[in-house]
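Below: the structure, in structure tokens.
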Amino acid sequence: MNPWLNAVAQVEALEDLVLNADLVDSMRERWSGLSGSQVGRINFYTPSFKHHETSEVSACGKNAFPAISITGGDCKLQCDHCKAKILEPMIPVRTPEELDGLVDRIVLDGGRGLLLSGGSDHQNVVHYEPYFPTVRKIKDRYPNLQIAMHTGIATPEFARGMEDAGVDVAMMDVIGAQDTINQVYHLRRSVDDFEAALEALVATKMKVVPHIVIGLHYGELLGEWNSLEIIQRHLPSALVLVVIMPQYAASSRPFVTPAADEIGKFFMDARAALPETPVLLGCARPSGVHRSITDTYAVMAGLNGVAFPSDGMLALAKHLERDVFVTPSCCSMIVGEEVLALGDETTTMPLDYVPAAPKRRTQLRDIPIVFSA
């Protein structure tokens, strides 16, 4: 029996998972040939936008890294995979003055950073320009406050504006298939436009954390490998992988859930392609058993971080003899799940034991209430 499957069997929380034995064999074989500064280390991050607690990791403060939308819930693109629903939980601001006052309250409440986001126009541009002077004032007033900005397609001038404003982390989705750009995003832009935007961002001094959304083409893996090649040509600070969430899509343009085996294969390809770059699994991914299998493959593939880890992941990583760390500071975000604390070891704790990972007991809140007429 594959020793990696034996490792899974040693973790009570994972004992009922059905994994692809051939894929696990392939991952173990490829892992044995990997080398690089980012191979072998994994952090488990506890995010702040959503209450999260497992048998191994407790949640951190909910207000440490709030997400703010400068357009409220509005987005002109109305992409098929999102329909602007990802903006709905964010704190809405409509003017730079509103943002300035909000940040004072965030800092007073103990916030360590914030994510600036917003809806795009029809060219996939989020118009932060009126906010740049205010962001600069905020950064000068609170120099230790970490500011992340989720941008669409950025020009070199726009990227320099972000940098001059004091943005710490820039993020964007990298789309590698023209059909996905046209059909899912409803855009008349090219794959080259996305590559040029990434190139403009990495030319600055900001940390740049692009995303690849696995299954973005209605649940099919189509442009992901091309996106990976683009990122290889313009090495960022880190890469975040997320998995499409089918429930956000309209019923008229449904998405299927990507097969966990295909996700696992892509995890391994990403790890092999970027041995010197942190590759992280963000918290946007399907829930339930699919999530547990996805997380298991992420640990096996050697990804460097997992946000919202499923039960049993810390124990599995220790059984696989990885260097395991836990970052209880709220540094992973539900929109993109960037890790603002890249390179910051002050809040990262090494895990030097195998934690217990029992099966989660059914709680009252887990029992459905059925009403009968």
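Numbering starts fresh at 1 for the residues of each chain in the structure tokens, the chains themselves are lettered A, B, ... in the order given, and ligands are numbered from 1 as they appear.
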
| said: With only C-alpha atoms as the counted atoms, please give the residues lying no more than 8 Å from region 243-252 of chain A, apart from itself and same-chain residues fewer than 3 positions off, as a ChimeraX atom specification. | reply: /A:80-83,85,213-216,219,255-258,284-286

| task | Extract, using only C-alpha atoms, all DNA, RNA and protein residues at most 7 Å from region 263-268 of chain A, discarding same-chain residues fewer than 2 positions from it, and format them as an MDAnalysis selection string. | result | chainID A and resid 27 259:261 270:272 294 297:298 301

| Between CA of Leu316 (chain A) and CA of Asn2 (chain A), what is the spacing in Å? |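 Rounded to one decimal, the two atoms are 14.2 Å apart.
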
| request: Quick one: pick out all strand (DSSP E) residues within region 127-171 of chain A from a backbone DSSP run and write them as a VMD selection string. | output: chain A and resid 146 to 150 169 to 171

| task | Report the distance between CA of Cys75 (chain A) and CA of His234 (chain A) in Å, rounded to one decimal place. | result | 28.3 Å

| said: So, with only C-alpha atoms as the atoms that count, which of A:Tyr45, A:Arg136, A:Lys207, A:Leu320 lies closest to Gly282 (chain A)? | reply: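 Residue with the minimum atom-to-atom distance to Gly282 (chain A): A:Tyr45.
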
| message | I'd like to know which of A:Ile147, A:Glu98, A:Asn182, A:Arg141 is closest to Ala170 (chain A), using only C-alpha atoms. | response | A:Ile147
